[in-house]
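> Just passing along the structure, written as structure tokens.
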Amino acid sequence: MTTALLPNFFAGRWQTGTGEGTPMFDPVLGTELARVSSAGIDLAEGFAFAREQGGAALRALSYGQRAALLSQITEVLQANRDAYYEIATANSGTVAKDSGVDIDGAVFTLGYYAKQGHALGDAKLLLDGQRIRMAKDPAFQTQHIQVPTQGVALFINAFNFPSWGLWEKAAPALLSGVPVIIKPATATAWLTQRMVKDVVDAGVLPVGALSVICGSSAGLMDQLQAFDVVSFTGSAETGQIIRSHRAVTELSVRCNIEADSLNSALLSPAATADSEAFKLLVAEVAREMTVKSGQKCTAIRRIFVPRALYKAAAEAIGARLAKTTVGNPRNETVRMGALVSQEQKASVLAGLAQLKTEATVLFDGSAAGWVDADASSACVAPVLLGTESPMSAKVLHAVEVFGPVSTLMPYDSIEEAYAMIRRGEGSLVCSVYSEDHLFTAQASVELASSHGRVHAISPDVAALHSGHGNVMPMSLHGGPGRAGGGEELGGLRALNFYHRRSAVQGSSLALDVLAAQGSQLAL
Ligand code: NAP
């Protein structure tokens with residue numbers, strides 16, 4: 001059955017694209033859910049409307065006023081939470097807990113930025129650092145300021161976080177005073193579209209501050225102008241297309257890329273099979289492999305343990321994974337749902353076959369079968385791979401399989417472990433499990449240059465830590481090299497991307513006036 005097209009909110013009004021559109025499916029049942037299309041939409045009109053109407057209205061407000069809008073958005077989202085969970089079950093195939101990572105994670109992030117923004121009060125600009133004398137006479141000084149860029153923020157997002165992926169970017173953008181145009185990934189666009197619809201219908205934001213366009217991305221990048229910004233999350237291949245677009249290379253449109261990543265978990269060389277550090281690593285690896293069926297850019301893909309613990313780690317992780325029932329997320333006994341689409345299933349199975357050319361299977365959950373789902377669904381069971389000669393492996397350090405798949409690798413010296421971790425060529429996160437704080441500190445310094453985040457876990461924080469793969473708004477998200485070279489979140493650091501820094505050189509008296517209008521940017 002052909003379903004209806006979801007309308008786009010663009011140029012301040014609801015507009016339905018032309019043509020048949022692209023269908024979205026339930027990855028477990030295979031039923032068609034709705035369609036999206038951006039065909040026939042006047043892109044130039046929508047970008048100009050957001051830039052001019054939305055931007056001007058947002059910039060007329062103070063940080064504190066915009067923070068209050070973020071609080072109102074969280075209220076709207078909370079009021080419609082049940083509907084979002086239903087959409088996530090149907091369109092992403094996730095169990096309730098995994099839908100929560102996306103939906104409640106978004107609400108938490110919005111709430112965090114609402115609080116941070118409230119503290120900036122009625123300021124309309126940010127003071128960046130202190131005043132610096134430019135002459136012997138203190139009458140002439142320089143003050144760096146940050147002001148919102150007078151353009152739009154275009155977000156091109158990945159399929160795995162239709163909710164959090166929108167709001168973790170929109171919260172700092174809107175707080176900064178920059179209007180947002182969101183283009184969600186087609187496979188799971190429904191939840192993004194519905195959330196924008198609820199916020200628009202509630203009349204929270206000035207018209208033009210938030211637009212959504214679902215369907216093809218064709219022509220979006222062509223609309224960007226010098227003061228716009230683009231933030232992309234997705235595959236390295238598409239990231240390359242974005243980065244090499246004329247808007248970025250010729251107009252210097254600011255561009256943030258969050259791409260794929262071969263994240264690692266590292267067990268301390270001093271660990272034993274009955275140590276707390278070992279148990280913490282095992283629990284976190286099993287959790288990371290199965291949350292959202294491993295469809296997290298931050299998930300642990302490579303596990304490094306001292307060689308003496310290779311077999312014990314394989315057994316312990318396998319025993320945990322064996323408890324993961326896979327199938328229809330509507331069945332309460334199911335712990336892990338499906339991948340988001342048949343395309344992703346095909347991609348994960350192809351990636352797994354590639355990894356198997358250099359690794360053996362240590363655990364494969366598919367023998368247990370699926371609960372309330374059949375072989376034609378997009379369900380894939382967790383698979384733990386392993387190799388005893390990881391130093392000579394190539395594919396294992398290069399191919400990201402975006403599913404419940406991870407590879408165990410032994411190391412003979414800590415230097416060898418660091419060298420292998422770096423072969424990921426820049427990752428989002430590495431977690432370290434140790435009872436020795438000296439080792440943890442040394443490892444953190446060693447790993448920091450190739451990772452946006454080091455998640456350093458010891459028994460004293462076992463019950464407190466936020467999880468290897470959970471992206472928290474107060475910590476940086478992004479990674480160098482292959483991970484895209486981007487930076488998001490990190491508290492108020494996120495505002496940098498949406499502001500322009502300028503050095504004002506002038507009379508101390510003029511700088512006094514400026515200071516009275518600004519709020520000190522305290523990171
Ligand atoms: P993708 O195929 O690259 O798609 C990402 C987005 O780009 C989608 O909205 C897609 O639209 C759009 N797109 C495709 N071709 C485009 C083009 N030529 N110009 C402009 N936009 C274009 O990636 P994906 O498969 O959705 O996401 C999976 C990947 O994302 C994984 O590798 C994962 O590691 C990465 N990821 C990274 C992070 C992070 O924060 N670092 C977070 C989540 C995911 P359509 O859907 O309409 O094709």
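Every chain in the structure tokens has a letter given in the order shown (A, B, ...), and although residue numbers restart at 1 in each chain, ligands are simply numbered from 1 in the order shown.
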Using only C-alpha atoms and all ligand atoms, find each residue of chain A with at least one atom at most 8 Å away from an atom of ligand 1; report its shortest atom-to-atom pair and that distance in Å (one decimal), sort the rows by chain and rising residue number, and return the result as a tab-separated table.

residue	atom	partner	partner_atom_place_in_ligand_line	distance
A:Ile156	CA	ligand 1	9 (O)	4.9
A:Asn157	CA	ligand 1	9 (O)	4.5
A:Ala158	CA	ligand 1	26 (O)	3.6
A:Phe159	CA	ligand 1	26 (O)	4.4
A:Asn160	CA	ligand 1	43 (C)	6.0
A:Phe161	CA	ligand 1	43 (C)	6.6
A:Gly165	CA	ligand 1	42 (C)	7.5
A:Lys183	CA	ligand 1	9 (O)	6.0
A:Pro184	CA	ligand 1	9 (O)	4.8
A:Ala185	CA	ligand 1	9 (O)	3.3
A:Thr186	CA	ligand 1	46 (O)	3.9
A:Ala187	CA	ligand 1	46 (O)	6.0
A:Cys214	CA	ligand 1	47 (O)	7.5
A:Gly215	CA	ligand 1	47 (O)	5.4
A:Ser216	CA	ligand 1	47 (O)	5.0
A:Ser217	CA	ligand 1	21 (N)	5.0
A:Ala218	CA	ligand 1	19 (N)	6.5
A:Leu220	CA	ligand 1	20 (C)	7.2
A:Met221	CA	ligand 1	20 (C)	6.9
A:Phe232	CA	ligand 1	7 (O)	7.0
A:Thr233	CA	ligand 1	37 (C)	5.2
A:Gly234	CA	ligand 1	30 (O)	3.1
A:Ser235	CA	ligand 1	3 (O)	3.7
A:Ala236	CA	ligand 1	32 (O)	6.5
A:Glu237	CA	ligand 1	3 (O)	6.4
A:Thr238	CA	ligand 1	3 (O)	4.4
A:Gly239	CA	ligand 1	3 (O)	6.6
A:Ile241	CA	ligand 1	18 (N)	6.0
A:Ile242	CA	ligand 1	19 (N)	6.1
A:Ile257	CA	ligand 1	41 (N)	7.4
A:Glu258	CA	ligand 1	41 (N)	3.6
A:Ala259	CA	ligand 1	41 (N)	4.3
A:Asp260	CA	ligand 1	34 (O)	3.3
A:Ser261	CA	ligand 1	34 (O)	5.7
A:Gln295	CA	ligand 1	33 (C)	7.5
A:Lys296	CA	ligand 1	43 (C)	6.0
A:Cys297	CA	ligand 1	34 (O)	4.1
A:Thr298	CA	ligand 1	39 (C)	7.1
A:Gln344	CA	ligand 1	25 (O)	7.9
A:Glu400	CA	ligand 1	32 (O)	7.0
A:Phe402	CA	ligand 1	31 (C)	6.3
A:Leu428	CA	ligand 1	41 (N)	6.7
A:His477	CA	ligand 1	40 (O)	7.0
A:Gly478	CA	ligand 1	41 (N)	5.9
A:Gly479	CA	ligand 1	41 (N)	7.5
A:Ala483	CA	ligand 1	41 (N)	6.0
A:Gly484	CA	ligand 1	41 (N)	7.1
> Keeping N, CA and C atoms for every residue in the selection just given, could you write it to a file as a compact mmCIF listing (two decimals), in the first residue's frame?

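Okay, this is what ended up in part-v9.txt:
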# COMPACT_ATOMS: atom_id res chain seq x y z
N ILE A 156 22.74 18.10 7.95
CA ILE A 156 22.47 16.90 7.15
C ILE A 156 22.82 15.72 8.06
N ASN A 157 21.81 14.96 8.45
CA ASN A 157 22.00 13.99 9.53
C ASN A 157 21.98 12.54 9.11
N ALA A 158 22.49 11.68 10.00
CA ALA A 158 22.54 10.23 9.76
C ALA A 158 21.24 9.58 10.23
N PHE A 159 21.05 8.32 9.82
CA PHE A 159 19.79 7.63 10.11
C PHE A 159 19.67 7.15 11.55
N ASN A 160 20.79 7.06 12.26
CA ASN A 160 20.75 6.33 13.54
C ASN A 160 20.26 7.16 14.73
N PHE A 161 20.26 8.49 14.61
CA PHE A 161 19.76 9.33 15.69
C PHE A 161 18.82 10.41 15.14
N GLY A 165 20.17 13.50 17.11
CA GLY A 165 20.99 14.09 16.06
C GLY A 165 20.51 15.48 15.67
N LYS A 183 17.88 18.42 7.46
CA LYS A 183 17.60 17.41 6.43
C LYS A 183 17.95 16.06 7.06
N PRO A 184 16.93 15.33 7.55
CA PRO A 184 17.21 14.03 8.18
C PRO A 184 17.53 12.97 7.14
N ALA A 185 18.19 11.90 7.57
CA ALA A 185 18.41 10.76 6.67
C ALA A 185 17.05 10.19 6.29
N THR A 186 16.91 9.79 5.06
CA THR A 186 15.60 9.38 4.55
C THR A 186 15.02 8.16 5.30
N ALA A 187 15.87 7.18 5.61
CA ALA A 187 15.36 5.92 6.18
C ALA A 187 14.55 6.13 7.46
N CYS A 214 12.63 16.91 4.10
CA CYS A 214 12.89 15.46 4.05
C CYS A 214 12.96 15.00 2.60
N GLY A 215 13.71 13.95 2.37
CA GLY A 215 13.82 13.41 1.02
C GLY A 215 15.21 13.66 0.47
N SER A 216 15.29 13.89 -0.82
CA SER A 216 16.60 14.03 -1.46
C SER A 216 17.36 15.25 -0.96
N SER A 217 18.68 15.10 -0.89
CA SER A 217 19.54 16.22 -0.47
C SER A 217 19.93 17.09 -1.67
N ALA A 218 19.50 16.71 -2.86
CA ALA A 218 19.94 17.39 -4.08
C ALA A 218 19.71 18.89 -3.99
N LEU A 220 20.75 21.13 -1.87
CA LEU A 220 20.82 21.83 -0.58
C LEU A 220 22.14 22.58 -0.40
N MET A 221 23.25 21.89 -0.68
CA MET A 221 24.56 22.52 -0.49
C MET A 221 24.74 23.73 -1.41
N PHE A 232 27.41 18.16 9.21
CA PHE A 232 27.06 16.88 8.59
C PHE A 232 27.41 15.71 9.52
N THR A 233 26.52 14.75 9.61
CA THR A 233 26.81 13.49 10.30
C THR A 233 26.45 12.36 9.37
N GLY A 234 27.39 11.47 9.14
CA GLY A 234 27.11 10.36 8.23
C GLY A 234 28.39 9.68 7.82
N SER A 235 28.36 9.05 6.67
CA SER A 235 29.51 8.25 6.25
C SER A 235 30.66 9.13 5.78
N ALA A 236 31.86 8.55 5.82
CA ALA A 236 33.05 9.28 5.37
C ALA A 236 32.92 9.67 3.90
N GLU A 237 32.29 8.80 3.10
CA GLU A 237 32.17 9.07 1.66
C GLU A 237 31.32 10.33 1.42
N THR A 238 30.15 10.40 2.07
CA THR A 238 29.31 11.58 1.87
C THR A 238 29.99 12.81 2.48
N GLY A 239 30.68 12.61 3.59
CA GLY A 239 31.42 13.71 4.22
C GLY A 239 32.39 14.35 3.25
N ILE A 241 32.07 14.44 0.02
CA ILE A 241 31.31 15.22 -0.98
C ILE A 241 30.98 16.60 -0.40
N ILE A 242 30.57 16.61 0.87
CA ILE A 242 30.21 17.88 1.53
C ILE A 242 31.44 18.79 1.59
N ILE A 257 32.15 18.05 10.30
CA ILE A 257 31.89 16.69 9.81
C ILE A 257 32.06 15.69 10.95
N GLU A 258 31.01 14.91 11.17
CA GLU A 258 31.08 13.78 12.11
C GLU A 258 30.92 12.53 11.26
N ALA A 259 31.99 11.79 11.09
CA ALA A 259 31.93 10.64 10.18
C ALA A 259 32.14 9.33 10.95
N ASP A 260 32.53 8.29 10.23
CA ASP A 260 32.61 6.98 10.89
C ASP A 260 33.89 6.89 11.74
N SER A 261 33.94 5.84 12.56
CA SER A 261 34.99 5.79 13.57
C SER A 261 35.18 4.37 14.07
N GLN A 295 24.35 0.39 16.25
CA GLN A 295 24.29 1.50 15.27
C GLN A 295 24.56 2.83 15.96
N LYS A 296 25.69 2.89 16.63
CA LYS A 296 26.12 4.14 17.27
C LYS A 296 27.50 4.48 16.76
N CYS A 297 27.67 5.72 16.35
CA CYS A 297 28.98 6.12 15.82
C CYS A 297 30.07 5.93 16.86
N THR A 298 29.68 5.92 18.15
CA THR A 298 30.65 5.82 19.23
C THR A 298 30.86 4.38 19.72
N GLN A 344 20.84 -1.52 5.51
CA GLN A 344 21.83 -1.59 6.58
C GLN A 344 22.16 -3.04 6.91
N GLU A 400 34.61 -0.09 9.31
CA GLU A 400 33.61 0.09 10.36
C GLU A 400 32.35 -0.69 9.96
N PHE A 402 28.68 -1.13 10.87
CA PHE A 402 27.76 -0.32 11.66
C PHE A 402 26.61 -1.19 12.19
N LEU A 428 36.32 8.70 17.59
CA LEU A 428 35.50 9.54 18.47
C LEU A 428 35.85 9.30 19.93
N HIS A 477 32.18 16.05 21.60
CA HIS A 477 31.86 14.94 20.70
C HIS A 477 32.45 15.26 19.34
N GLY A 478 33.19 14.29 18.80
CA GLY A 478 33.84 14.51 17.51
C GLY A 478 35.19 13.82 17.59
N GLY A 479 35.91 13.81 16.52
CA GLY A 479 37.22 13.17 16.57
C GLY A 479 38.04 13.58 15.38
N ALA A 483 37.47 10.27 11.77
CA ALA A 483 36.20 10.56 12.45
C ALA A 483 35.57 11.86 11.93
N GLY A 484 36.26 12.56 11.05
CA GLY A 484 35.68 13.73 10.40
C GLY A 484 36.35 15.04 10.76
> Write out as a list in words the residues lying within 9 Å of Ala350 in chain A, counting only C-alpha atoms and excluding same-chain residues fewer than 5 positions away.
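So, after excluding close chain neighbours, the residues are Lys345, Leu355 and Val401 of chain A.
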> Per DSSP on the backbone, filter range 31-271 of chain A down to the residues in helix (DSSP H, G or I) and report them as number ranges by chain.
A: 43-59, 63-79, 81-92, 96-118, 164-176, 186-201, 221-223, 236-243, 246-249
> Give the strand (DSSP E or B) residues of range 189-430 of chain A, as DSSP finds them on the backbone, and put them as a CSV table (one decimal) with N, CA and C atoms, in the first residue's frame.

chain,number,residue,atom,x,y,z
A,210,LEU,N,13.2,27.3,12.6
A,210,LEU,CA,13.4,25.9,12.5
A,210,LEU,C,12.6,25.4,11.2
A,211,SER,N,13.3,24.8,10.3
A,211,SER,CA,12.7,24.2,9.1
A,211,SER,C,13.1,22.8,8.9
A,212,VAL,N,12.3,22.0,8.3
A,212,VAL,CA,12.7,20.6,8.0
A,212,VAL,C,12.4,20.3,6.5
A,229,VAL,N,26.4,28.0,7.9
A,229,VAL,CA,27.3,26.9,8.4
A,229,VAL,C,26.6,25.6,8.0
A,230,VAL,N,27.4,24.5,7.8
A,230,VAL,CA,26.8,23.2,7.5
A,230,VAL,C,27.4,22.2,8.5
A,231,SER,N,26.5,21.4,9.1
A,231,SER,CA,27.0,20.4,10.0
A,231,SER,C,26.5,19.0,9.5
A,232,PHE,N,27.4,18.2,9.2
A,232,PHE,CA,27.1,16.9,8.6
A,232,PHE,C,27.4,15.7,9.5
A,233,THR,N,26.5,14.8,9.6
A,233,THR,CA,26.8,13.5,10.3
A,233,THR,C,26.4,12.4,9.4
A,254,ARG,N,31.5,27.5,6.9
A,254,ARG,CA,32.1,26.7,8.0
A,254,ARG,C,31.4,25.3,8.0
A,255,CYS,N,32.2,24.3,8.1
A,255,CYS,CA,31.7,22.9,7.9
A,255,CYS,C,32.2,22.0,9.0
A,256,ASN,N,31.2,21.3,9.7
A,256,ASN,CA,31.6,20.4,10.7
A,256,ASN,C,31.2,19.0,10.2
A,257,ILE,N,32.2,18.1,10.3
A,257,ILE,CA,31.9,16.7,9.8
A,257,ILE,C,32.1,15.7,10.9
A,258,GLU,N,31.0,14.9,11.2
A,258,GLU,CA,31.1,13.8,12.1
A,258,GLU,C,30.9,12.5,11.3
A,264,SER,N,37.8,2.3,20.2
A,264,SER,CA,38.4,1.2,20.9
A,264,SER,C,38.1,1.1,22.4
A,265,ALA,N,38.3,-0.1,23.0
A,265,ALA,CA,38.3,-0.2,24.5
A,265,ALA,C,39.6,-0.9,24.8
A,266,LEU,N,40.3,-0.3,25.8
A,266,LEU,CA,41.6,-0.8,26.2
A,266,LEU,C,41.6,-1.3,27.7
A,267,LEU,N,42.0,-2.5,27.9
A,267,LEU,CA,42.2,-3.0,29.2
A,267,LEU,C,43.6,-2.9,29.7
A,302,ARG,N,36.7,-2.1,18.4
A,302,ARG,CA,37.9,-2.9,18.6
A,302,ARG,C,38.2,-3.0,20.1
A,303,ILE,N,38.5,-4.2,20.6
A,303,ILE,CA,38.8,-4.4,22.0
A,303,ILE,C,40.2,-4.9,22.2
A,304,PHE,N,41.0,-4.2,23.0
A,304,PHE,CA,42.4,-4.5,23.2
A,304,PHE,C,42.6,-5.0,24.6
A,305,VAL,N,43.1,-6.3,24.8
A,305,VAL,CA,43.4,-6.8,26.1
A,305,VAL,C,44.8,-7.4,26.1
A,306,PRO,N,45.4,-7.5,27.3
A,306,PRO,CA,46.7,-8.2,27.4
A,306,PRO,C,46.5,-9.6,26.8
A,326,VAL,N,17.1,-11.3,20.6
A,326,VAL,CA,17.0,-10.4,19.5
A,326,VAL,C,15.7,-10.6,18.8
A,327,GLY,N,15.0,-9.5,18.3
A,327,GLY,CA,13.8,-9.7,17.6
A,327,GLY,C,12.9,-8.5,17.5
A,336,MET,N,17.2,-6.6,22.1
A,336,MET,CA,17.8,-5.9,21.0
A,336,MET,C,16.9,-6.0,19.8
A,360,THR,N,38.4,-14.7,13.3
A,360,THR,CA,37.5,-15.8,13.5
A,360,THR,C,36.3,-15.4,14.4
A,361,VAL,N,35.3,-16.2,14.3
A,361,VAL,CA,34.1,-15.9,15.1
A,361,VAL,C,34.2,-16.5,16.5
A,362,LEU,N,34.2,-15.7,17.5
A,362,LEU,CA,34.3,-16.1,18.9
A,362,LEU,C,32.9,-16.3,19.5
A,363,PHE,N,32.0,-15.6,19.1
A,363,PHE,CA,30.6,-15.7,19.5
A,363,PHE,C,29.7,-15.3,18.4
A,364,ASP,N,28.6,-16.0,18.1
A,364,ASP,CA,27.6,-15.6,17.1
A,364,ASP,C,26.2,-15.9,17.7
A,370,TRP,N,15.4,-15.5,16.1
A,370,TRP,CA,14.7,-14.2,16.5
A,370,TRP,C,13.4,-14.4,17.2
A,371,VAL,N,13.1,-13.5,18.1
A,371,VAL,CA,11.8,-13.6,18.8
A,371,VAL,C,10.8,-12.8,18.0
A,383,VAL,N,27.7,-10.4,17.1
A,383,VAL,CA,28.9,-11.3,16.7
A,383,VAL,C,30.1,-10.7,17.2
A,384,LEU,N,30.8,-11.5,18.0
A,384,LEU,CA,32.2,-11.1,18.5
A,384,LEU,C,33.2,-11.9,17.7
A,385,LEU,N,34.1,-11.1,17.1
A,385,LEU,CA,35.2,-11.7,16.3
A,385,LEU,C,36.5,-11.5,17.1
A,386,GLY,N,37.5,-12.3,16.6
A,386,GLY,CA,38.8,-12.2,17.3
A,386,GLY,C,39.9,-12.6,16.4
A,405,VAL,N,28.7,-5.7,16.1
A,405,VAL,CA,29.9,-6.5,15.7
A,405,VAL,C,31.1,-5.8,16.3
A,406,SER,N,32.0,-6.6,17.0
A,406,SER,CA,33.2,-6.0,17.5
A,406,SER,C,34.3,-7.1,17.4
A,407,THR,N,35.5,-6.6,17.5
A,407,THR,CA,36.7,-7.6,17.3
A,407,THR,C,37.6,-7.5,18.5
A,408,LEU,N,37.9,-8.6,19.1
A,408,LEU,CA,38.8,-8.7,20.2
A,408,LEU,C,40.2,-8.9,19.7
A,409,MET,N,41.2,-8.2,20.3
A,409,MET,CA,42.5,-8.3,19.9
A,409,MET,C,43.5,-8.3,21.1
A,410,PRO,N,44.4,-9.2,21.1
A,410,PRO,CA,45.4,-9.2,22.2
A,410,PRO,C,46.6,-8.3,21.9
A,411,TYR,N,47.2,-7.7,22.9
A,411,TYR,CA,48.4,-7.0,22.7
A,411,TYR,C,49.6,-7.5,23.6
A,427,SER,N,39.6,8.6,16.0
A,427,SER,CA,38.3,8.1,16.4
A,427,SER,C,37.6,9.0,17.4
A,428,LEU,N,36.3,8.7,17.6
A,428,LEU,CA,35.5,9.5,18.5
A,428,LEU,C,35.8,9.3,19.9
A,429,VAL,N,36.0,8.0,20.3
A,429,VAL,CA,36.2,7.7,21.7
A,429,VAL,C,37.0,6.5,21.9
A,430,CYS,N,37.8,6.5,23.0
A,430,CYS,CA,38.5,5.3,23.4
A,430,CYS,C,38.2,5.1,24.9
> Provide the CA of Tyr112 in chain A to CA of Leu521 in chain A distance in Å, to one decimal place.
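Interatomic distance, CA of Tyr112 in chain A to CA of Leu521 in chain A: 16.4 Å.
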> Excluding range 73-90 of chain A and any residue of its chain fewer than 4 positions from it, enumerate the residues within 8 Å of it, using only C-alpha atoms, and give them as a ChimeraX atom specification.
/A:25-27,33,69,94-96,99-100,103,107,110-111,190-191,194-195,198-199,202,204,329-330
> To one decimal in Å, tell me the separation between CA of Met474 in chain A and CA of Leu166 in chain A.
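Taking CA of Met474 in chain A as the start and CA of Leu166 in chain A as the end point, the length is 17.0 Å.
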> Between CA of Asn470 in chain A and CA of Glu288 in chain A, what is the spacing in Å?
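Going from CA of Glu288 in chain A over to CA of Asn470 in chain A covers 9.3 Å.
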> Compile a residue-level contact table for range 67-119 of chain A against range 489-492 of chain A at a cut-off of 10 Å, reporting for every qualifying residue the shortest atom pair and its distance in Å to one decimal, with only C-alpha atoms counted, rows ordered by chain and ascending number, as a Markdown table.

| residue | atom | partner | partner_atom | distance |
| --- | --- | --- | --- | --- |
| A:Thr109 | CA | A:Leu489 | CA | 9.2 |
| A:Tyr112 | CA | A:Gly491 | CA | 8.5 |
| A:Tyr113 | CA | A:Gly491 | CA | 7.7 |
| A:Gln116 | CA | A:Leu492 | CA | 7.4 |
| A:Gly117 | CA | A:Leu492 | CA | 8.6 |
> Between A:Pro390, A:Gly452, A:Gly121, A:Gly403, which one has atoms that come closest to Met420 in chain A, using only C-alpha atoms?
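When distances to Met420 in chain A are compared using only C-alpha atoms, the smallest one comes from A:Pro390.
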> Please provide the set of residues having any atom within 8 Å of Thr3 in chain A, restricted to only C-alpha atoms, with same-chain residues fewer than 5 positions apart removed, written as a list in words.
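The filter keeps Pro23, Glu32, Leu33, Ala34 and Arg35 of chain A.
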> Determine, counting only C-alpha atoms, which protein, DNA and RNA residues have an atom within 9 Å of an atom of Gly208 in chain A; residues of the same chain fewer than 2 positions away are not included. Present the result as a PyMOL selection string.
chain A and resi 10-12+46+49-55+57+179-181+205-206+210-211
> Which residue out of A:Ala367, A:Leu6, A:Met289, A:Leu321 has the minimum interatomic distance to Val196 in chain A when only C-alpha atoms are used?
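Checking each of A:Ala367, A:Leu6, A:Met289, A:Leu321 against Val196 in chain A, counting only C-alpha atoms, the winner is A:Leu6.
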> Skip Thr188 in chain A itself and residues of its chain fewer than 5 positions away, then list as an MDAnalysis selection string all residues within 7 Å of it, counting only C-alpha atoms.
chainID A and resid 24 91:92 159 162
> Compare A:Gly318, A:Gly21, A:Pro404, A:Pro269 by their minimum atom-to-atom distance to Val282 in chain A, counting only C-alpha atoms, and give me the closest one.
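Counting only C-alpha atoms, the residue closest to Val282 in chain A is A:Gly318.
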> Residues within 10 Å of Leu511 in chain A, please, as a ChimeraX atom specification. Count only C-alpha atoms; anything in the same chain fewer than 6 positions from it doesn't count.
/A:131,139-143,504-505,517
